[in-house]
file work05.cif (mmCIF, C-alpha atoms)
data_input
#
loop_
_atom_site.group_PDB
_atom_site.id
_atom_site.type_symbol
_atom_site.label_atom_id
_atom_site.label_comp_id
_atom_site.auth_asym_id
_atom_site.auth_seq_id
_atom_site.Cartn_x
_atom_site.Cartn_y
_atom_site.Cartn_z
ATOM 1 C CA MET A 1 7.634 -13.704 -4.606
ATOM 2 C CA TYR A 2 11.037 -12.097 -4.122
ATOM 3 C CA MET A 3 14.274 -13.934 -3.549
ATOM 4 C CA ALA A 4 16.126 -13.171 -0.306
ATOM 5 C CA ARG A 5 18.910 -14.333 1.959
ATOM 6 C CA ILE A 6 18.137 -15.211 5.570
ATOM 7 C CA ILE A 7 20.517 -12.896 7.444
ATOM 8 C CA GLY A 8 19.336 -13.526 10.967
ATOM 9 C CA ARG A 9 16.319 -13.959 13.182
ATOM 10 C CA VAL A 10 14.290 -11.954 15.648
ATOM 11 C CA GLU A 11 13.620 -13.031 19.216
ATOM 12 C CA ALA A 12 10.490 -11.676 20.854
ATOM 13 C CA ARG A 13 9.099 -13.056 24.072
ATOM 14 C CA ILE A 14 5.817 -11.164 24.006
ATOM 15 C CA ARG A 15 3.857 -11.806 20.812
ATOM 16 C CA SER A 16 0.359 -11.800 19.423
ATOM 17 C CA PRO A 17 -1.555 -14.989 20.285
ATOM 18 C CA GLY A 18 -0.592 -17.837 17.924
ATOM 19 C CA LEU A 19 2.660 -16.223 16.833
ATOM 20 C CA GLU A 20 4.625 -17.663 19.717
ATOM 21 C CA ALA A 21 5.613 -20.939 18.069
ATOM 22 C CA HIS A 22 6.828 -19.366 14.854
ATOM 23 C CA ARG A 23 10.394 -18.579 13.926
ATOM 24 C CA LEU A 24 10.836 -14.960 12.885
ATOM 25 C CA VAL A 25 13.585 -14.727 10.298
ATOM 26 C CA LEU A 26 15.368 -11.577 9.164
ATOM 27 C CA LEU A 27 15.454 -11.361 5.338
ATOM 28 C CA GLN A 28 17.492 -9.253 2.920
ATOM 29 C CA PRO A 29 15.632 -9.193 -0.425
ATOM 30 C CA LEU A 30 17.974 -9.769 -3.381
ATOM 31 C CA ASP A 31 17.953 -9.332 -7.137
ATOM 32 C CA PHE A 32 19.161 -12.163 -9.330
ATOM 33 C CA ASN A 33 22.751 -10.912 -9.257
ATOM 34 C CA GLU A 34 22.356 -11.581 -5.531
ATOM 35 C CA GLN A 35 22.637 -7.832 -4.810
ATOM 36 C CA PRO A 36 20.523 -6.332 -2.001
ATOM 37 C CA ILE A 37 17.300 -4.567 -3.014
ATOM 38 C CA ARG A 38 14.535 -2.857 -0.990
ATOM 39 C CA TRP A 39 14.853 -2.893 2.817
ATOM 40 C CA SER A 40 15.366 -5.905 5.059
ATOM 41 C CA LEU A 41 12.193 -7.312 6.610
ATOM 42 C CA ILE A 42 10.984 -9.991 8.988
ATOM 43 C CA ALA A 43 8.963 -13.028 7.946
ATOM 44 C CA THR A 44 7.674 -16.230 9.431
ATOM 45 C CA ASP A 45 9.349 -19.294 7.967
ATOM 46 C CA LEU A 46 7.696 -22.485 6.718
ATOM 47 C CA THR A 47 10.915 -24.144 5.572
ATOM 48 C CA GLY A 48 13.229 -24.076 8.598
ATOM 49 C CA ALA A 49 16.092 -22.982 6.332
ATOM 50 C CA ALA A 50 19.349 -21.984 8.030
ATOM 51 C CA THR A 51 20.694 -18.447 8.277
ATOM 52 C CA GLY A 52 22.565 -17.630 5.059
ATOM 53 C CA SER A 53 20.168 -19.667 2.905
ATOM 54 C CA LEU A 54 18.709 -18.330 -0.338
ATOM 55 C CA VAL A 55 14.923 -18.447 -0.111
ATOM 56 C CA ALA A 56 11.768 -17.142 -1.791
ATOM 57 C CA PHE A 57 9.263 -15.259 0.324
ATOM 58 C CA GLU A 58 5.721 -14.091 -0.338
ATOM 59 C CA GLU A 59 4.065 -10.937 1.007
ATOM 60 C CA GLY A 60 0.558 -9.681 1.564
ATOM 61 C CA ARG A 61 -2.578 -11.533 2.593
ATOM 62 C CA GLU A 62 -1.363 -14.733 0.916
ATOM 63 C CA ALA A 63 1.596 -14.890 3.339
ATOM 64 C CA ALA A 64 -0.870 -15.691 6.131
ATOM 65 C CA ASN A 65 -2.712 -18.382 4.158
ATOM 66 C CA PRO A 66 -0.663 -21.332 5.433
ATOM 67 C CA TYR A 67 -1.638 -20.551 9.013
ATOM 68 C CA ASP A 68 -4.878 -21.861 10.513
ATOM 69 C CA PRO A 69 -6.031 -20.165 12.679
ATOM 70 C CA SER A 70 -4.771 -17.184 10.734
ATOM 71 C CA LEU A 71 -1.855 -15.097 11.980
ATOM 72 C CA PRO A 72 -1.246 -11.370 11.657
ATOM 73 C CA VAL A 73 1.712 -11.868 9.291
ATOM 74 C CA ASP A 74 2.322 -10.238 5.918
ATOM 75 C CA ALA A 75 5.548 -11.988 4.877
ATOM 76 C CA CYS A 76 6.421 -15.668 4.870
ATOM 77 C CA VAL A 77 9.304 -17.756 3.524
ATOM 78 C CA VAL A 78 7.644 -20.321 1.237
ATOM 79 C CA ALA A 79 10.592 -22.026 -0.517
ATOM 80 C CA VAL A 80 14.298 -22.660 -0.235
ATOM 81 C CA VAL A 81 16.045 -21.817 -3.515
ATOM 82 C CA ASP A 82 18.211 -24.766 -4.576
ATOM 83 C CA ASP A 83 19.396 -23.108 -7.772
ATOM 84 C CA PHE A 84 18.391 -20.441 -10.270
ATOM 85 C CA ARG A 85 19.332 -19.638 -13.857
ATOM 86 C CA TYR A 86 19.172 -15.965 -14.743
ATOM 87 C CA HIS A 87 19.611 -14.579 -18.284
ATOM 88 C CA PRO A 88 19.662 -10.745 -17.927
ATOM 89 C CA MET B 1 -1.389 -6.653 -13.425
ATOM 90 C CA PHE B 2 1.871 -5.788 -15.083
ATOM 91 C CA THR B 3 3.852 -6.917 -18.094
ATOM 92 C CA ALA B 4 7.243 -8.531 -17.603
ATOM 93 C CA GLN B 5 9.907 -10.436 -19.463
ATOM 94 C CA VAL B 6 10.822 -13.976 -18.417
ATOM 95 C CA LYS B 7 14.513 -13.910 -17.449
ATOM 96 C CA GLY B 8 15.112 -17.340 -15.989
ATOM 97 C CA SER B 9 13.877 -20.017 -13.641
ATOM 98 C CA VAL B 10 14.216 -21.143 -10.021
ATOM 99 C CA THR B 11 14.382 -24.695 -8.723
ATOM 100 C CA SER B 12 13.312 -25.560 -5.189
ATOM 101 C CA THR B 13 12.678 -28.908 -3.534
ATOM 102 C CA SER B 14 12.048 -27.737 0.031
ATOM 103 C CA LYS B 15 8.909 -25.589 -0.277
ATOM 104 C CA HIS B 16 5.255 -25.317 0.659
ATOM 105 C CA ALA B 17 3.339 -28.409 -0.458
ATOM 106 C CA SER B 18 1.071 -26.431 -2.780
ATOM 107 C CA LEU B 19 4.132 -25.514 -4.873
ATOM 108 C CA LYS B 20 4.993 -29.140 -5.662
ATOM 109 C CA GLY B 21 5.391 -29.426 -9.426
ATOM 110 C CA ALA B 22 4.829 -25.691 -9.938
ATOM 111 C CA ARG B 23 7.135 -23.987 -12.434
ATOM 112 C CA LEU B 24 8.870 -20.949 -10.898
ATOM 113 C CA LEU B 25 10.073 -18.340 -13.366
ATOM 114 C CA ILE B 26 12.087 -15.145 -12.869
ATOM 115 C CA VAL B 27 10.115 -12.212 -14.280
ATOM 116 C CA GLN B 28 11.521 -8.713 -14.844
ATOM 117 C CA PRO B 29 8.691 -6.133 -14.797
ATOM 118 C CA GLY B 30 8.836 -3.725 -17.751
ATOM 119 C CA GLU B 31 6.806 -0.978 -19.466
ATOM 120 C CA PRO B 32 4.287 -2.622 -21.824
ATOM 121 C CA LEU B 33 5.010 -0.337 -24.782
ATOM 122 C CA SER B 34 8.727 0.379 -24.446
ATOM 123 C CA GLY B 35 9.774 -2.745 -22.548
ATOM 124 C CA GLN B 36 11.820 -0.437 -20.268
ATOM 125 C CA PRO B 37 12.473 -2.333 -16.996
ATOM 126 C CA ASN B 38 10.440 -0.699 -14.216
ATOM 127 C CA GLY B 39 10.814 -2.755 -11.047
ATOM 128 C CA PHE B 40 12.764 -5.495 -9.295
ATOM 129 C CA ALA B 41 12.835 -8.994 -10.753
ATOM 130 C CA GLN B 42 10.609 -11.437 -8.891
ATOM 131 C CA ILE B 43 9.575 -15.082 -8.960
ATOM 132 C CA ALA B 44 6.168 -16.012 -10.408
ATOM 133 C CA VAL B 45 4.327 -19.304 -10.829
ATOM 134 C CA ASP B 46 3.829 -20.332 -14.463
ATOM 135 C CA VAL B 47 1.327 -22.874 -15.768
ATOM 136 C CA LEU B 48 1.207 -21.539 -19.330
ATOM 137 C CA GLY B 49 4.644 -22.714 -20.388
ATOM 138 C CA ALA B 50 6.210 -19.290 -20.933
ATOM 139 C CA ALA B 51 9.630 -19.456 -22.586
ATOM 140 C CA ILE B 52 12.739 -17.575 -21.433
ATOM 141 C CA GLY B 53 12.629 -14.127 -23.047
ATOM 142 C CA ALA B 54 8.854 -14.166 -23.538
ATOM 143 C CA GLN B 55 6.778 -11.111 -22.621
ATOM 144 C CA VAL B 56 4.083 -12.102 -20.134
ATOM 145 C CA LEU B 57 1.235 -10.646 -18.098
ATOM 146 C CA VAL B 58 1.710 -11.117 -14.352
ATOM 147 C CA SER B 59 -0.992 -10.886 -11.699
ATOM 148 C CA GLY B 60 -0.764 -10.739 -7.897
ATOM 149 C CA ASP B 61 -3.982 -12.504 -7.061
ATOM 150 C CA GLY B 62 -3.539 -15.369 -4.602
ATOM 151 C CA ARG B 63 -7.022 -16.810 -5.121
ATOM 152 C CA GLY B 64 -6.364 -17.090 -8.842
ATOM 153 C CA VAL B 65 -3.094 -18.885 -8.212
ATOM 154 C CA GLN B 66 -4.836 -21.373 -5.923
ATOM 155 C CA ASP B 67 -7.242 -22.279 -8.724
ATOM 156 C CA MET B 68 -4.383 -22.405 -11.249
ATOM 157 C CA LEU B 69 -2.394 -24.825 -9.113
ATOM 158 C CA LYS B 70 -5.560 -26.628 -7.923
ATOM 159 C CA ALA B 71 -4.192 -25.832 -4.465
ATOM 160 C CA GLY B 72 -6.073 -25.251 -1.252
ATOM 161 C CA ARG B 73 -6.645 -22.055 0.692
ATOM 162 C CA ASP B 74 -3.340 -22.620 2.477
ATOM 163 C CA CYS B 75 -1.372 -21.871 -0.700
ATOM 164 C CA PRO B 76 0.899 -18.891 0.090
ATOM 165 C CA VAL B 77 1.544 -17.778 -3.488
ATOM 166 C CA ARG B 78 0.456 -14.434 -4.904
ATOM 167 C CA LEU B 79 2.367 -13.826 -8.150
ATOM 168 C CA ALA B 80 1.543 -15.808 -11.289
ATOM 169 C CA ILE B 81 1.793 -15.494 -15.059
ATOM 170 C CA VAL B 82 -1.752 -15.170 -16.373
ATOM 171 C CA ALA B 83 -1.099 -14.560 -20.074
ATOM 172 C CA LEU B 84 1.550 -14.717 -22.780
ATOM 173 C CA VAL B 85 1.595 -11.294 -24.451
ATOM 174 C CA ASP B 86 1.575 -11.143 -28.255
ATOM 175 C CA ARG B 87 2.032 -7.361 -28.407
ATOM 176 C CA SER B 88 0.940 -4.150 -26.675
ATOM 177 C CA LEU B 89 -0.555 -1.338 -28.748
ATOM 178 C CA SER B 90 -0.705 2.354 -27.804
ATOM 179 C CA GLN B 91 -4.234 3.017 -29.147
#
call {"tool": "encode", "arguments": {"input": "work05.cif", "output": "structure tokens"}}
result
Amino acid sequence: MYMARIIGRVEARIRSPGLEAHRLVLLQPLDFNEQPIRWSLIATDLTGAATGSLVAFEEGREAANPYDPSLPVDACVVAVVDDFRYHP
Amino acid sequence: MFTAQVKGSVTSTSKHASLKGARLLIVQPGEPLSGQPNGFAQIAVDVLGAAIGAQVLVSGDGRGVQDMLKAGRDCPVRLAIVALVDRSLSQ
């Protein structure tokens, strides 16, 4: 999982079946100095965290695991980060 | 799988149910022989009790994590520490 900040969300009226009810959040992946890394991406969100929140998101097949029936998603916010201790 | 050094930990109360009680560590990927960092730091599940600063083996296999955490198929985790490295040898 990478850490990220929720920097917004995506609205899309026409979606794949099953994806309608899910919030699409815009994520900026971060390192543990809270500096941006990689490119921003869009994920579904299990936590309902607010924009600006620090979260952890998972990618790949496992990101779709929480959804039954499965959804065509490859990134999903799985945790809100309360705190982290980083010793570079 | 890749080797990494444990650089810290993350606490989270609001998370997917399968992560309840799971230890979340910050792992910095690095070259096995030189230890040279070679990727972005990430968060991995740990059930082996790796200490801060330890060199570990990290795997991205979700099924394995589900067994590790005794979690169901809905567990959305991929990255986990699967071994504590004693040392890496070049031959």
call {"tool": "closest_residue", "arguments": {"input": "work05.cif", "among": "B:Leu24, B:Met1, B:Ala51, B:Asp74", "to": "A:Ala79", "atoms": "all atoms listed in the file"}}
result
B:Leu24
call {"tool": "residues_around", "arguments": {"input": "work05.cif", "residues": "stretch 45-55 of chain A", "least_positions_apart": "6", "cutoff": "6 Å", "atoms": "all atoms listed in the file", "output": "mmCIF file with C-alpha atoms, in the coordinates of the input"}}
result
data_model
loop_
_atom_site.group_PDB
_atom_site.id
_atom_site.type_symbol
_atom_site.label_atom_id
_atom_site.label_comp_id
_atom_site.auth_asym_id
_atom_site.auth_seq_id
_atom_site.Cartn_x
_atom_site.Cartn_y
_atom_site.Cartn_z
ATOM 1 C CA MET A 3 14.274 -13.934 -3.549
ATOM 2 C CA ALA A 4 16.126 -13.171 -0.306
ATOM 3 C CA ARG A 5 18.910 -14.333 1.959
ATOM 4 C CA ILE A 6 18.137 -15.211 5.570
ATOM 5 C CA ILE A 7 20.517 -12.896 7.444
ATOM 6 C CA GLY A 8 19.336 -13.526 10.967
ATOM 7 C CA CYS A 76 6.421 -15.668 4.870
ATOM 8 C CA VAL A 77 9.304 -17.756 3.524
ATOM 9 C CA VAL A 78 7.644 -20.321 1.237
ATOM 10 C CA ALA A 79 10.592 -22.026 -0.517
ATOM 11 C CA VAL A 80 14.298 -22.660 -0.235
ATOM 12 C CA VAL A 81 16.045 -21.817 -3.515
#
call {"tool": "atom_distance", "arguments": {"input": "work05.cif", "atom1": "atom CA of A:Ile42", "atom2": "atom CA of A:Arg9"}}
result
7.9 Å
call {"tool": "resolve_selection", "arguments": {"input": "work05.cif", "expression": "the PyMOL selection byres ((chain A) within 9 of (chain B))", "output": "NGL selection string"}}
result
:A and (1-3 or 30-32 or 37-38 or 46-47 or 49 or 55-68 or 76-88)
call {"tool": "atom_distance", "arguments": {"input": "work05.cif", "atom1": "atom CA of B:Asp46", "atom2": "atom CA of B:Phe2"}}
result
14.7 Å
call {"tool": "atom_distance", "arguments": {"input": "work05.cif", "atom1": "atom CA of B:Gly30", "atom2": "atom CA of B:Thr3"}}
result
5.9 Å
call {"tool": "resolve_selection", "arguments": {"input": "work05.cif", "expression": "the PyMOL selection byres ((chain B and resi 33) around 8)", "output": "short mmCIF file (atom, residue, chain, number, x, y, z; two decimals) with C-alpha atoms, keeping the file's coordinate frame"}}
result
data_model
loop_
_atom_site.label_atom_id
_atom_site.label_comp_id
_atom_site.auth_asym_id
_atom_site.auth_seq_id
_atom_site.Cartn_x
_atom_site.Cartn_y
_atom_site.Cartn_z
CA GLU B 31 6.81 -0.98 -19.47
CA PRO B 32 4.29 -2.62 -21.82
CA SER B 34 8.73 0.38 -24.45
CA GLY B 35 9.77 -2.74 -22.55
CA SER B 88 0.94 -4.15 -26.68
CA LEU B 89 -0.56 -1.34 -28.75
CA SER B 90 -0.70 2.35 -27.80
#
call {"tool": "closest_residue", "arguments": {"input": "work05.cif", "among": "B:Arg87, B:Gln36, B:Ala54, B:Leu48", "to": "B:Leu69", "atoms": "only C-alpha atoms"}}
result
B:Leu48
call {"tool": "residues_around", "arguments": {"input": "work05.cif", "residues": "B:Leu84", "least_positions_apart": "6", "cutoff": "9 Å", "atoms": "all atoms listed in the file", "output": "number ranges by chain"}}
result
B: 48-50, 54-57
call {"tool": "axis_aligned_box", "arguments": {"input": "work05.cif", "around": "stretch 62-67 of chain B", "padding_each_side": "3 Å", "output": "AutoDock Vina command-line options"}}
result
--center_x -5.2 --center_y -18.8 --center_z -6.7 --size_x 10.1 --size_y 12.9 --size_z 10.2
call {"tool": "residues_near_point", "arguments": {"input": "work05.cif", "point": "(15.1, -10.3, 14.4)", "cutoff": "9 Å", "atoms": "all atoms listed in the file", "output": "list in words"}}
result
Gly8, Arg9, Val10, Glu11, Ala12, Leu24, Val25, Leu26, Leu41 and Ile42 of chain A
call {"tool": "write_last_selection", "arguments": {"input": "work05.cif", "atoms": "C-alpha atoms", "output": "short mmCIF file (atom, residue, chain, number, x, y, z; two decimals), in the coordinates of the input"}}
result
data_model
loop_
_atom_site.label_atom_id
_atom_site.label_comp_id
_atom_site.auth_asym_id
_atom_site.auth_seq_id
_atom_site.Cartn_x
_atom_site.Cartn_y
_atom_site.Cartn_z
CA GLY A 8 19.34 -13.53 10.97
CA ARG A 9 16.32 -13.96 13.18
CA VAL A 10 14.29 -11.95 15.65
CA GLU A 11 13.62 -13.03 19.22
CA ALA A 12 10.49 -11.68 20.85
CA LEU A 24 10.84 -14.96 12.88
CA VAL A 25 13.58 -14.73 10.30
CA LEU A 26 15.37 -11.58 9.16
CA LEU A 41 12.19 -7.31 6.61
CA ILE A 42 10.98 -9.99 8.99
#
call {"tool": "residues_around", "arguments": {"input": "work05.cif", "residues": "A:Ser16", "least_positions_apart": "5", "cutoff": "12 Å", "atoms": "only C-alpha atoms", "output": "number ranges by chain"}}
result
A: 21-22, 70-73
call {"tool": "closest_residue", "arguments": {"input": "work05.cif", "among": "B:Val47, B:Val85, B:Gly39, B:Pro29", "to": "B:Lys70", "atoms": "only C-alpha atoms"}}
result
B:Val47
call {"tool": "closest_residue", "arguments": {"input": "work05.cif", "among": "B:Gln66, B:Ala71, B:Ser59, B:Ile81", "to": "B:Arg23", "atoms": "all atoms listed in the file"}}
result
B:Ile81
call {"tool": "decode", "arguments": {"input": "work05.cif", "residues": "stretch 30-46 of chain A", "atoms": "N, CA and C atoms", "output": "PDB file, in the first residue's frame"}}
result
ATOM      1  N   LEU A  30       1.993   9.900  -1.750  1.00  0.00           N
ATOM      2  CA  LEU A  30       2.992  10.674  -1.002  1.00  0.00           C
ATOM      3  C   LEU A  30       4.089   9.757  -0.466  1.00  0.00           C
ATOM      4  N   ASP A  31       5.288  10.342  -0.259  1.00  0.00           N
ATOM      5  CA  ASP A  31       6.287   9.603   0.512  1.00  0.00           C
ATOM      6  C   ASP A  31       6.077   9.969   1.981  1.00  0.00           C
ATOM      7  N   PHE A  32       6.987   9.508   2.843  1.00  0.00           N
ATOM      8  CA  PHE A  32       6.714   9.710   4.266  1.00  0.00           C
ATOM      9  C   PHE A  32       7.317  11.000   4.806  1.00  0.00           C
ATOM     10  N   ASN A  33       7.729  11.888   3.861  1.00  0.00           N
ATOM     11  CA  ASN A  33       7.976  13.296   4.189  1.00  0.00           C
ATOM     12  C   ASN A  33       6.794  14.108   3.688  1.00  0.00           C
ATOM     13  N   GLU A  34       5.734  13.361   3.326  1.00  0.00           N
ATOM     14  CA  GLU A  34       4.504  13.934   2.766  1.00  0.00           C
ATOM     15  C   GLU A  34       4.766  14.721   1.484  1.00  0.00           C
ATOM     16  N   GLN A  35       5.780  14.302   0.704  1.00  0.00           N
ATOM     17  CA  GLN A  35       6.044  14.924  -0.595  1.00  0.00           C
ATOM     18  C   GLN A  35       5.398  14.079  -1.684  1.00  0.00           C
ATOM     19  N   PRO A  36       4.889  14.730  -2.759  1.00  0.00           N
ATOM     20  CA  PRO A  36       4.220  13.960  -3.814  1.00  0.00           C
ATOM     21  C   PRO A  36       5.174  13.015  -4.525  1.00  0.00           C
ATOM     22  N   ILE A  37       4.700  11.817  -4.837  1.00  0.00           N
ATOM     23  CA  ILE A  37       5.459  10.854  -5.642  1.00  0.00           C
ATOM     24  C   ILE A  37       4.509  10.317  -6.721  1.00  0.00           C
ATOM     25  N   ARG A  38       5.066   9.679  -7.750  1.00  0.00           N
ATOM     26  CA  ARG A  38       4.276   9.072  -8.819  1.00  0.00           C
ATOM     27  C   ARG A  38       3.324  10.092  -9.440  1.00  0.00           C
ATOM     28  N   TRP A  39       2.233   9.605 -10.023  1.00  0.00           N
ATOM     29  CA  TRP A  39       1.214  10.494 -10.606  1.00  0.00           C
ATOM     30  C   TRP A  39      -0.043  10.376  -9.761  1.00  0.00           C
ATOM     31  N   SER A  40      -0.920  11.362  -9.849  1.00  0.00           N
ATOM     32  CA  SER A  40      -2.191  11.232  -9.113  1.00  0.00           C
ATOM     33  C   SER A  40      -3.017  10.148  -9.808  1.00  0.00           C
ATOM     34  N   LEU A  41      -3.962   9.581  -9.054  1.00  0.00           N
ATOM     35  CA  LEU A  41      -4.787   8.500  -9.606  1.00  0.00           C
ATOM     36  C   LEU A  41      -6.167   8.529  -8.955  1.00  0.00           C
ATOM     37  N   ILE A  42      -7.050   7.719  -9.457  1.00  0.00           N
ATOM     38  CA  ILE A  42      -8.418   7.695  -8.928  1.00  0.00           C
ATOM     39  C   ILE A  42      -8.671   6.320  -8.307  1.00  0.00           C
ATOM     40  N   ALA A  43      -9.348   6.321  -7.162  1.00  0.00           N
ATOM     41  CA  ALA A  43      -9.608   5.062  -6.468  1.00  0.00           C
ATOM     42  C   ALA A  43     -11.023   5.082  -5.923  1.00  0.00           C
ATOM     43  N   THR A  44     -11.569   3.897  -5.701  1.00  0.00           N
ATOM     44  CA  THR A  44     -12.816   3.848  -4.937  1.00  0.00           C
ATOM     45  C   THR A  44     -12.420   4.000  -3.472  1.00  0.00           C
ATOM     46  N   ASP A  45     -13.383   4.255  -2.615  1.00  0.00           N
ATOM     47  CA  ASP A  45     -13.030   4.580  -1.228  1.00  0.00           C
ATOM     48  C   ASP A  45     -13.922   3.830  -0.259  1.00  0.00           C
ATOM     49  N   LEU A  46     -13.319   2.997   0.577  1.00  0.00           N
ATOM     50  CA  LEU A  46     -14.072   2.213   1.563  1.00  0.00           C
ATOM     51  C   LEU A  46     -14.286   2.975   2.867  1.00  0.00           C
TER      52      LEU A  46
END
